[in-house]
Structure formats: structure tokens, C-alpha cells
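Have a look at the structure below before the remarks.
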Amino acid sequence: MGYVALYRKWRPQDFDGLIGQQHISQTLKNAIQTGKTTHAYLFAGPRGTGKTSTAKILAKALNCEQGPTPTPCNHCANCEKINQNCSMDVFEIDAASNRGIDEIRDLRETVKFAPVEGKYKVYIIDEVHMLTQEAFNALLKTLEEPPDHVVFILATTEPHKIPATIHSRCQRYDFRKIPVNDMVAHLTYVAEQSEIAIREDALRLIAVHADGGLRDALSILDQCSAMSDGEIDVENVRQLLGLVGHEWIYQLMDEMIASQAEAALITLDKILALGKDIKQVLVEIALYCRNVMLFKAAPDLESLRECSEDRLVLKKHSELLSQEEVFQFIETCQETIEQVRRSTAPRIDAEMALLSLCRRNHLDMASLIERIERLENLQGSSTQSVPTVHTHPRVSGHGSVKENADPVVYVPKEAAHAATPVVDKEPASQPSVPITTDIEQVWDHVLKDLIANGKRSVHACISQGKLVELNDKTAVIAFQSNFPKERTQKEDYRSIIENLIARIAGKPLVLNCVLASEVTKTAQSSSHVEPEPVATDIKSSAGDDLHALTLAKQIFGGKVIKNENPEEGQ
């Protein structure tokens, strides 16, 4: 007989041989012992976790000459025929290639006949989710009320695709991914029995890469044994799997954390020169950053104990990166992986991602916005003259810093220690505004201050008016039209203007907005300012609308679209 693959040679032959599925093996053994086996089972779980093997063990347990028994002998004629896939009472059906209604109709005809050699006829339908809807409908009645000598075992990796009517007629058993430690122990035993020399760290890397599938792990071990004549080490496994290697990933992370863009690009170039795939590099960076994220949140997590990462390196990187920065690393890698799949020049995408992560700002966008809002709130509650402070530059979508984008905010002296803004090395000098009650000077400073602080929409609105009165309690602004008057009276604009006038005038004041036509002679005499006359050429209702439209366009921008069908607007 020719060479038999390891995953076939070491297929479990009884319930005790199942790895990592004790909850299922114990339940089935108890059911057989108490005679409570059912007519239909649904085995669901990831690939390579033992679904088909368990189905065959159950078939042997039911048809063993000593059975039904929870411990099939594997020596009687029935057990040997099932092991050799030549039993006339056990049928393995691949639903991926026999998915139509005709195949299920043939199955319905055969279930009527009694078993030939054993006590039960067992139908193992693998990848049952591949059956068509019509095939499921044809199977439904037979599955619900089969003959007493028939047992159905349905196996699937995608149980959500199976109709609820099928689900409800089966006992479902969920197979779990096999833990890394259990898999390493089994691989060690297989390697010893197969006389394969392999290091323990190489076995652990195989177990981690298999992602809970023992069949995949045995296949990788089989390949490694064929590739290496001597002892198999970690480097042999990485070479076989096409992995980048922890050392390269650690080095890239060190360089990106230190913002060493040139060094990171050189390291990437060396990795690609070794023939590594760009997508694999990004995937491994994202996976490592995921471990860093988990280490920061829960250092004692079981999956971290089983991973092959160096915990000292994880600890170092978790201390150097904030949680937000780790999120940024993962999100950037995930986005770039998607771009690489569609890109005609994937290397450019990877290099842009690395440069973006090297030039990231330690102050993320969310924190920056929160800080600016806090400083503006502090400005709003202050009535004192405050210094000008520059915050960090704003951050782009990839986390890079945009130059010459320093927003200017005012911070009161008593709140400076709470806000802790980051001050530029060479802050722009701006002379403090002298306290004055002269109406012309106050109004001039208000308009200039709005421009200096980037509040152009507020400036465009109130510049349509004029400060006409300033007393101990009130500041009166007269507008020529109603639109800017009403907009300025709203809470957001009102608060900004009141704070500015109070700071410049040196006393808290209440803002009062009026139309120029409503300004009384008393207000005019007390303020010594003649309000600008209302334009004489805008007197009709149509003229008022036109003026309001012009003001709205100045404040908000945009363009005017003529209504070609006046009846639609009526």
C-alpha cells in the first residue's frame, strides 16, 4: 500500500480519540449507553474539527458486533468495513456534488430496505448546506419519520444556511476549534510515532496557523516532514507557509512607532526581496496589532497565552502605543488590504500605509476635536483677556499631519492648567486687545477678531449690521434686514458676539438685535452713532426678498437657481 497522509492515518477511531471535543464525545457515549440515540444528528463546526470522524465513530458504535456500544472494538467485520469505507450499511454522501432533488429521491427509496450486515443503516451527508431548497423539501418528510433502522448524520460548516425545518428535526452538536495546547500535544505524539524530528516552537507555530483545525495542522506537519531532511525548525515552517516572521514584524513595528519612515521603507523592501507577499505582510501586521490591543485590554486572556508572540515584545509595544493608536494601525492595515486586492500596484498602497502610520499624530482626531470644543467652552465662560494658544495641526484620514493648519483658540488664565493645550515652539504674536468702550473701536475689534479666529460665517452675518449703542448692560446692533438680525439672535451666534464684546469692553453685556428703522432717537443720541439709512431702492416685498437672498448667499455661499415653472412652487 502507498503512503497514507497523516490526517488519514491518525483519524480517531473511537470517542476517546477525539481531540478537543469532549463535550460531544461524552454526550454521545451516554446516549448510546442509555439507549437514547435519535434518528437524526446535525454536526456543525469549522473545518478539520472532527465532524466526519465523529459520524463514522457513531456508525461503528451502532453497528459493532458488540453493540450498540460507546467503545467500538475496531476489530469485528462491521468495524473494519466501516474503517475501510466499504460497509454496505454506511453511506457517505457529498452534498456538494449530489445536491439535487433526484439524488434525494433515490435516497428516499433506499431507506426502506433493511440493513445488510449491521443493525442500522447510517447516512452521512457531508456539507449538507449545499443541497438545493427542493432537495431539502424532499428530504424533510423522510428525516422526520424514517424507519427505525435508519440514522441520518448531517455535517456542515455553515449551519445558518440550513432551513429551520431541518434544524428542528435534528439533534445539533457544535464542534469547537481545537485549543492550541491540545493540538500541540497531539502533534507531538504524532511526530514521535511517525519519527519526525521537529522542534516544539515549530509545532506551536503550526498549531497557531491551523486556526483550530487539526486536519490542517496534520497536513502542514506532513509537508514539513517532506521538505526537511533534518530537524524541522520555525524557519522551515515559516518558509513553507509563506509567513513573514516575527522578527520582521517586530522590526517594522519598532520603526513605525518611532516614526522612522525611511527605516520602515527599507525593511519593507528587504521583506519583499525575500519573495514575501505584500498582502501577507499587512495581514501579519494587523494580526500582531490585534494581539497588542488584546494585551492592553486583558493581558491574561487565554488566546494570548496560546499565541506564539513574545510577551515581552507585546508588553513593550503596548506601553508605547495608546489604544487609539492601535486602532489606527489595525484600521489602516485592514483598509490597505482591501485596496491591495483591487490595486494594479499593491506595493504603492503598502508603502503609503507605512508612511501614514510613521507620520501619525499622537493626538488622534477624536481627542483633538474634544480638546478644541473644551477650550471653546472655556472661552465662552470667560470675561477676561486671554492669551493666544496654538493647538496641534489637524490630522488627515490616514492619521498624517497637515502642515499650516493650526487653529487659534483663546484660553482663560484660570483654565489654562485644566485645558493643557500643546503650545507651538514659536507661537504667533498677537497683541492683546485694550479694554475700551468706544463704539467704533469695539465694533472694529469684534469684526477683526472674528476673522482672526476663522469665524467667517459669523462675520458675514453681523457685518450686515452696525453697533449703535453700548451702555452698562446692553449692546445694540442695528441691521438693515430681518434675516441677519434673526440669525444673530440665535444662541450660538449670540454667545460668540456677547463674549467678544464683553472681553473688549471689559464688562458683561446682553446683546440686543434690532432693525435700523426701529432705532429710537434716544439710542442714537446715547451712542453718538447715526444708523445707516435703509436702502431706499428696496421697499417692496419683492425687494426685501431679493435683499434677504443676497445676504444668505454672502453668508452660506452657493448659487441661485431660477424656478422655471412657477406653478410648482405655489
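FYI, nothing fancy with the C-alpha cells labels: chains A, B, ... in order, residues from 1 per chain, ligands from 1 as they appear.
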Inset, instruction - Name all residues at most 8 Å from range 40-53 of chain A (count only C-alpha atoms; drop same-chain ones fewer than 4 positions away) and give them as a PyMOL selection string. - result: chain A and resi 11-13+18+57+124+126+143+151-159+167+169-178+212-216
Inset, instruction - Would you list, as an MDAnalysis selection string, the residues of range 124-301 of chain A that end up in strand (DSSP E or B) under DSSP run on this structure's backbone? - result: chainID A and resid 124:126 150:156 171:174 198 232
Legend entry - Which of range 152-267 of chain A fall in alpha helix (DSSP H), as an MDAnalysis selection string: chainID A and resid 164:167 180:193 200:210 214:227 234:241 246:257 261:267
Legend entry - Using only C-alpha atoms: which of A:Ile125, A:Leu312, A:Leu6, A:Cys289 has the shortest distance to Asp222 in chain A: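 Under the stated criterion, the closest residue is A:Leu6.
The residue set within 9 Å of Val150 in chain A, counting only C-alpha atoms and dropping same-chain residues fewer than 2 places from it, reads His39, Ala40, Val111, Lys112, Ala114, Pro115, Tyr120, Lys121, Val122, Tyr123, Pro146, Pro147, Asp148 and Phe152 of chain A.
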Dump of C-alpha atoms for the selected residues, as a short mmCIF file (atom, residue, chain, number, x, y, z; two decimals), in the first residue's frame:
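Output contents, as saved in again_39.cif:
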```
data_model
loop_
_atom_site.label_atom_id
_atom_site.label_comp_id
_atom_site.auth_asym_id
_atom_site.auth_seq_id
_atom_site.Cartn_x
_atom_site.Cartn_y
_atom_site.Cartn_z
CA HIS A 39 -32.75 9.21 14.24
CA ALA A 40 -31.09 12.47 13.04
CA VAL A 111 -34.02 3.92 3.24
CA LYS A 112 -36.95 1.49 3.09
CA ALA A 114 -33.32 -3.18 5.98
CA PRO A 115 -29.57 -3.09 6.79
CA TYR A 120 -28.62 0.31 11.44
CA LYS A 121 -28.30 1.99 8.07
CA VAL A 122 -26.36 5.21 8.60
CA TYR A 123 -26.47 8.07 6.07
CA PRO A 146 -37.53 7.49 8.98
CA PRO A 147 -37.71 3.72 9.52
CA ASP A 148 -36.43 2.52 12.89
CA PHE A 152 -29.12 10.39 9.47
#
```
Legend entry - Residue nearest Asp277 in chain A among A:Lys316, A:Leu241, A:Asp211, A:Leu107 (counting only C-alpha atoms):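 Looking at the shortest contact to Asp277 in chain A, the residue is A:Leu241.
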Inset, instruction - Please measure the separation of CA of Leu274 in chain A and CA of Val208 in chain A, giving the value in Å to one decimal. - result: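 Value for the CA of Leu274 in chain A-CA of Val208 in chain A distance: 22.9 Å.
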Inset, instruction - Go through A:Ser97, A:Arg341, A:Leu450, A:Leu218 and flag the residue nearest Tyr189 in chain A, using only C-alpha atoms for the distances. - result: A:Leu218
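Put simply, CA of Phe136 in chain A is 22.6 Å away from CA of Asp89 in chain A.
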